[in-house]
Structures are given as structure tokens and as C-alpha cells.
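The structure under discussion appears below in the form of C-alpha cells.
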Amino acid sequence: MLTREEDIDAHALRKQGWTISAIARHLGRDRKTIRAYLAGREPGVREAGAPDPFEKFAAYCGQRLADDPHLWAMTLFDELLQLGYDRSYPTLTRQLRARGLRPACEPCRPTKDRAVAIIEHPPGEETQWDWVELPDPPEHWGWGKTAHLLVGALSHSGSWRGVLCESEEQPHLIDGLDRVARALGGLSRDWRFDRMSTVVSPSTGKVSASFASVAKHYGVTVRPCPPRRGNRKGVVEKANHVAAQRFWRACQDFCVSDLGHRGFRGGR
């Protein structure tokens, strides 16, 4: 692109009889550029390129992120592929940032200057357990407005499995523990829980009498999470996030119904 001054020089030199090649060498520009400006191209204005392929998806992305600011870009990418989007995932994230389509969320800003402890997790030592509440299960399940996903994650590898349950009551918990443990390939030495009332007393952290017999049956040690130490079960928290964002949000009724029988699979 020529500046206005260069455009003036090019026209003046042309009227003096200079060739386009000579003008291009003199100004340090390409001959095709000089020819275009001598033909009437306006200086200081860049020619419009090819239509932006993301433009037709921008409104959809903006609306989806306005409805749910925490929607994963990968989930949005999956949706756009079904709508005909033919660019890469990095291109999508770059467009979201450049256009400012994701609303800011102050609570989601990373915490700075917080001490982080690295916890060693030998193989077979620990399985972390947690419930995830998932909204709007299919009506024909008869579960109401919430489905409950029991997630078990191996602390060493990060592999996880989940089972959908009608409620978080202890019978459903015990059935889910058995199914997930089998799906993970067996029992670890410890089971790590947050202070769910069906396992430990929320106030004291002591294992409940009804769950003690369950722990004895499986031969595992129950390890309650320390109070206000959510990072202690960060492996299963990450699995919860993936299950809610990458699986549940993207499921249609037909595949959600199938998942209700098979459960969730994830991790390495």
C-alpha cells in the first residue's frame, strides 16, 4: 500500500516519462502495486480482501456466549462444525478474543500469588469421588430438572469414569461407586470424598456408621477432604468440568439417553 506522498511521486514520475519498472525501483515497491495506483487506486486505503469466513458465525457465537459465558470454546467449536465451519480451533479462539465475544467474568479470573502444593499420587493409591448436578435431563427419565453424575477419578493418571444416577442418596451412591470402580479397572487403596453427608459427617469429618460397612466391604480407606481445601481433589474437579462442559452440553436427547445406561468415560 502506497502512502499519499508516494502516490504523488509515482504520478509525477510517470508524467515525466518514467517507466513503471523504474518508478517501482525508485520507490522500492512492486510493479503491480505501482500500476494499480497509477490506474486510480486510492492511496492510504487497503483493498478489501476475501470475505471473512467467520463473519456468518459471529452472531451465533456471540449469542451462545452471552447466554452462557462459561461455555467451553471446544464445545462451541463442535457446534460450529455441524453448522459448516471449516476453520481450525485456534482460528476460532483467536476470533473470539479479537472480537471480544466472551463476556468478562470477574469470579473466573485466576487467583494470583497463591501458594500451590504439588501432591504426589503413586499409582493405585487414591480415587477421588464427587457428584455433579447436570440440568435438564430428558423428561422420559422421570428424574425432574436435575440428573446426578457420580464421577470417580484416579489421582495418579487422571483417568475418570462417571455414572448417571437419579439422586445422591446412599443406595444410588453405593451402586455408582461399584460401577465406576469396575470401569476404572479395580480398587485403589484410598477413596477421597468431599464432606458429602452420605459418607462423612459434614461438621466433624467422621465416617458415617452406614458407610463404614461399605468401606469395609471394599477394603478401602475413606479420606475426607480437609475443610476449605477444594484443590485437594482437583483431579476429580477437572473431570467434573469436562463432563459438564464437553459431554452433557453437547448431548442430544438420543445420546443422553444412551449415556444414562452406559455412563461417562474420560481421561487418559
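A note on labels: chains of the C-alpha cells are A, B, ... as shown, every chain counts residues from 1, and ligands are counted from 1 in their shown order.
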
*Return as number ranges by chain the full set of residues in stretch 138-250 of chain A whose backbone-based DSSP assignment is helix (DSSP H, G or I).*
A: 139-141, 170-183, 209-218, 230-248

*Between A:Pro69, A:Arg182, A:Arg94, A:Phe57, single out the one closest to A:Leu81, counting only C-alpha atoms.*
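Of the candidates, the smallest distance to A:Leu81 is held by A:Phe57.
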
*Run DSSP on the backbone and give me the residues of stretch 20-244 of chain A it puts in strand (DSSP E), as a PyMOL selection string.*
chain A and resi 126-135+146-154+160-165+190-193+221-224

Requested write-out: N, CA and C atoms of the selected residues, as a compact mmCIF listing (two decimals), in the first residue's frame:
# COMPACT_ATOMS: atom_id res chain seq x y z
N GLU A 126 -5.01 -43.65 45.19
CA GLU A 126 -6.19 -42.86 45.53
C GLU A 126 -7.14 -42.73 44.35
N THR A 127 -8.44 -42.80 44.66
CA THR A 127 -9.51 -42.44 43.74
C THR A 127 -10.28 -41.28 44.37
N GLN A 128 -10.52 -40.24 43.61
CA GLN A 128 -11.28 -39.09 44.09
C GLN A 128 -12.70 -39.17 43.55
N TRP A 129 -13.68 -38.87 44.45
CA TRP A 129 -15.09 -39.01 44.10
C TRP A 129 -15.81 -37.69 44.31
N ASP A 130 -16.79 -37.45 43.45
CA ASP A 130 -17.60 -36.25 43.61
C ASP A 130 -18.88 -36.39 42.80
N TRP A 131 -19.91 -35.63 43.21
CA TRP A 131 -21.16 -35.55 42.47
C TRP A 131 -21.16 -34.30 41.59
N VAL A 132 -21.77 -34.41 40.42
CA VAL A 132 -22.00 -33.27 39.54
C VAL A 132 -23.50 -33.22 39.24
N GLU A 133 -24.10 -32.07 39.49
CA GLU A 133 -25.51 -31.89 39.16
C GLU A 133 -25.63 -31.35 37.74
N LEU A 134 -26.36 -32.07 36.89
CA LEU A 134 -26.50 -31.73 35.48
C LEU A 134 -27.94 -31.32 35.20
N PRO A 135 -28.14 -30.18 34.55
CA PRO A 135 -29.50 -29.66 34.38
C PRO A 135 -30.24 -30.31 33.21
N THR A 146 -33.04 -32.24 37.37
CA THR A 146 -31.61 -32.42 37.61
C THR A 146 -31.24 -33.90 37.53
N ALA A 147 -30.16 -34.19 36.83
CA ALA A 147 -29.55 -35.51 36.85
C ALA A 147 -28.28 -35.43 37.70
N HIS A 148 -27.91 -36.53 38.31
CA HIS A 148 -26.76 -36.55 39.21
C HIS A 148 -25.72 -37.50 38.65
N LEU A 149 -24.54 -36.97 38.41
CA LEU A 149 -23.45 -37.76 37.86
C LEU A 149 -22.42 -38.02 38.95
N LEU A 150 -22.19 -39.29 39.27
CA LEU A 150 -21.12 -39.66 40.20
C LEU A 150 -19.84 -39.87 39.40
N VAL A 151 -18.82 -39.10 39.71
CA VAL A 151 -17.55 -39.15 38.99
C VAL A 151 -16.47 -39.71 39.90
N GLY A 152 -15.71 -40.67 39.38
CA GLY A 152 -14.54 -41.19 40.07
C GLY A 152 -13.32 -40.97 39.20
N ALA A 153 -12.26 -40.41 39.77
CA ALA A 153 -11.05 -40.10 39.01
C ALA A 153 -9.83 -40.65 39.72
N LEU A 154 -8.95 -41.28 38.98
CA LEU A 154 -7.70 -41.79 39.54
C LEU A 154 -6.71 -40.63 39.68
N TRP A 160 -10.87 -41.03 34.35
CA TRP A 160 -12.09 -40.93 35.14
C TRP A 160 -13.24 -41.62 34.43
N ARG A 161 -14.23 -41.99 35.21
CA ARG A 161 -15.48 -42.55 34.70
C ARG A 161 -16.62 -41.95 35.51
N GLY A 162 -17.81 -41.94 34.93
CA GLY A 162 -18.96 -41.39 35.64
C GLY A 162 -20.21 -42.19 35.37
N VAL A 163 -21.13 -42.19 36.31
CA VAL A 163 -22.40 -42.90 36.18
C VAL A 163 -23.52 -41.94 36.53
N LEU A 164 -24.53 -41.87 35.66
CA LEU A 164 -25.70 -41.03 35.93
C LEU A 164 -26.63 -41.73 36.92
N CYS A 165 -27.10 -40.97 37.90
CA CYS A 165 -27.97 -41.53 38.93
C CYS A 165 -29.18 -40.62 39.10
N ASP A 190 -7.11 -45.84 48.69
CA ASP A 190 -7.90 -44.81 49.36
C ASP A 190 -9.01 -44.30 48.46
N TRP A 191 -10.12 -43.92 49.09
CA TRP A 191 -11.20 -43.20 48.41
C TRP A 191 -11.29 -41.82 49.03
N ARG A 192 -11.13 -40.79 48.20
CA ARG A 192 -11.16 -39.40 48.66
C ARG A 192 -12.53 -38.79 48.35
N PHE A 193 -13.21 -38.32 49.40
CA PHE A 193 -14.52 -37.69 49.25
C PHE A 193 -14.47 -36.27 49.80
N THR A 221 -9.77 -47.32 52.37
CA THR A 221 -9.72 -46.30 53.42
C THR A 221 -10.41 -45.04 52.93
N VAL A 222 -11.31 -44.51 53.76
CA VAL A 222 -12.03 -43.28 53.41
C VAL A 222 -11.21 -42.08 53.85
N ARG A 223 -10.93 -41.16 52.92
CA ARG A 223 -10.15 -39.96 53.20
C ARG A 223 -11.01 -38.73 52.91
N PRO A 224 -11.59 -38.11 53.94
CA PRO A 224 -12.35 -36.88 53.69
C PRO A 224 -11.43 -35.73 53.30

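When only C-alpha atoms are used to compute distances to A:Asp67, the closest of the residues A:Arg102, A:Arg97, A:Gly186, A:Gln82 turns out to be A:Arg102.
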
*Nearest to A:Pro226: which of A:Ala58, A:Leu71, A:Val214, A:Val200 is it, counting only C-alpha atoms?*
A:Val200

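Rounded to one decimal, atom CA of A:Ala209 and atom CA of A:Leu173 lie 15.1 Å from each other.
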
*Could you name the residues that touch A:His11 at 10 Å or less, counting only C-alpha atoms, but leaving out those on the same chain fewer than 2 positions away, as a ChimeraX atom specification?*
/A:6-9,13-16,18,23,34,37-39

Go ahead and write the selection's residues with N, CA, C and O atoms as a PDB file, in the first residue's frame.
ATOM      1  N   GLU A   6       3.887   8.909  -1.644  1.00  0.00           N
ATOM      2  CA  GLU A   6       4.419   8.017  -2.672  1.00  0.00           C
ATOM      3  C   GLU A   6       3.530   8.008  -3.907  1.00  0.00           C
ATOM      4  O   GLU A   6       4.020   7.913  -5.055  1.00  0.00           O
ATOM      5  N   ASP A   7       2.228   8.072  -3.697  1.00  0.00           N
ATOM      6  CA  ASP A   7       1.307   8.116  -4.825  1.00  0.00           C
ATOM      7  C   ASP A   7       1.531   9.367  -5.672  1.00  0.00           C
ATOM      8  O   ASP A   7       1.527   9.316  -6.914  1.00  0.00           O
ATOM      9  N   ILE A   8       1.737  10.494  -4.983  1.00  0.00           N
ATOM     10  CA  ILE A   8       2.010  11.743  -5.712  1.00  0.00           C
ATOM     11  C   ILE A   8       3.302  11.618  -6.514  1.00  0.00           C
ATOM     12  O   ILE A   8       3.376  12.015  -7.691  1.00  0.00           O
ATOM     13  N   ASP A   9       4.350  11.084  -5.892  1.00  0.00           N
ATOM     14  CA  ASP A   9       5.627  10.914  -6.580  1.00  0.00           C
ATOM     15  C   ASP A   9       5.486   9.999  -7.789  1.00  0.00           C
ATOM     16  O   ASP A   9       6.070  10.259  -8.865  1.00  0.00           O
ATOM     17  N   LEU A  13       6.379  11.146 -11.550  1.00  0.00           N
ATOM     18  CA  LEU A  13       7.424  10.487 -12.317  1.00  0.00           C
ATOM     19  C   LEU A  13       6.876   9.885 -13.606  1.00  0.00           C
ATOM     20  O   LEU A  13       7.567   9.859 -14.644  1.00  0.00           O
ATOM     21  N   ARG A  14       5.659   9.394 -13.526  1.00  0.00           N
ATOM     22  CA  ARG A  14       5.046   8.820 -14.722  1.00  0.00           C
ATOM     23  C   ARG A  14       4.850   9.890 -15.793  1.00  0.00           C
ATOM     24  O   ARG A  14       5.096   9.649 -16.984  1.00  0.00           O
ATOM     25  N   LYS A  15       4.434  11.077 -15.378  1.00  0.00           N
ATOM     26  CA  LYS A  15       4.231  12.172 -16.326  1.00  0.00           C
ATOM     27  C   LYS A  15       5.557  12.652 -16.891  1.00  0.00           C
ATOM     28  O   LYS A  15       5.610  13.245 -17.976  1.00  0.00           O
ATOM     29  N   GLN A  16       6.645  12.399 -16.158  1.00  0.00           N
ATOM     30  CA  GLN A  16       7.966  12.771 -16.646  1.00  0.00           C
ATOM     31  C   GLN A  16       8.545  11.730 -17.602  1.00  0.00           C
ATOM     32  O   GLN A  16       9.668  11.878 -18.097  1.00  0.00           O
ATOM     33  N   TRP A  18       8.853   8.313 -16.891  1.00  0.00           N
ATOM     34  CA  TRP A  18       9.475   7.142 -16.272  1.00  0.00           C
ATOM     35  C   TRP A  18       8.617   5.894 -16.550  1.00  0.00           C
ATOM     36  O   TRP A  18       7.403   5.957 -16.623  1.00  0.00           O
ATOM     37  N   ILE A  23       9.907   3.444 -11.773  1.00  0.00           N
ATOM     38  CA  ILE A  23       9.221   4.038 -10.610  1.00  0.00           C
ATOM     39  C   ILE A  23       9.219   3.046  -9.444  1.00  0.00           C
ATOM     40  O   ILE A  23       9.442   3.413  -8.289  1.00  0.00           O
ATOM     41  N   ILE A  34       2.542  -0.321  -8.187  1.00  0.00           N
ATOM     42  CA  ILE A  34       2.647   0.968  -8.867  1.00  0.00           C
ATOM     43  C   ILE A  34       1.620   1.073  -9.982  1.00  0.00           C
ATOM     44  O   ILE A  34       0.935   2.100 -10.144  1.00  0.00           O
ATOM     45  N   TYR A  37      -1.897   1.835  -8.605  1.00  0.00           N
ATOM     46  CA  TYR A  37      -2.107   3.209  -8.142  1.00  0.00           C
ATOM     47  C   TYR A  37      -2.127   4.190  -9.311  1.00  0.00           C
ATOM     48  O   TYR A  37      -2.880   5.166  -9.296  1.00  0.00           O
ATOM     49  N   LEU A  38      -1.341   3.935 -10.319  1.00  0.00           N
ATOM     50  CA  LEU A  38      -1.392   4.794 -11.491  1.00  0.00           C
ATOM     51  C   LEU A  38      -2.712   4.648 -12.236  1.00  0.00           C
ATOM     52  O   LEU A  38      -3.166   5.567 -12.926  1.00  0.00           O
ATOM     53  N   ALA A  39      -3.361   3.464 -12.048  1.00  0.00           N
ATOM     54  CA  ALA A  39      -4.648   3.225 -12.694  1.00  0.00           C
ATOM     55  C   ALA A  39      -5.812   3.814 -11.908  1.00  0.00           C
ATOM     56  O   ALA A  39      -6.959   3.771 -12.371  1.00  0.00           O
TER      57      ALA A  39
END

*Which residues come within 9 Å of A:Gln170, counting only C-alpha atoms, excluding same-chain residues fewer than 4 positions away, as a count of residues only?*
6

*Nearest to A:Gly62 by atom-to-atom distance, counting only C-alpha atoms, from A:Pro90, A:Gly219, A:Pro122, A:Gly100*: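 The shortest atom-to-atom distance to A:Gly62 comes from A:Gly100.
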
*Would you please work out which residue, of A:Leu92, A:Cys105, A:Val180, A:Ile20, is nearest to A:Glu79 when using only C-alpha atoms?*
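Closest to A:Glu79 of all the choices is A:Leu92.
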
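Atom CA of A:Glu237 is positioned 14.6 Å from atom CA of A:Met196.
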
*Leaving out A:Asp86 and any residue of its chain fewer than 5 positions from it, which residues lie within 10 Å of it when counting only C-alpha atoms, given as a ChimeraX atom specification?*
/A:53-54,80-81

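The two atoms in question, atom CA of A:Tyr218 and atom CA of A:Ser201, are spaced 20.3 Å apart.
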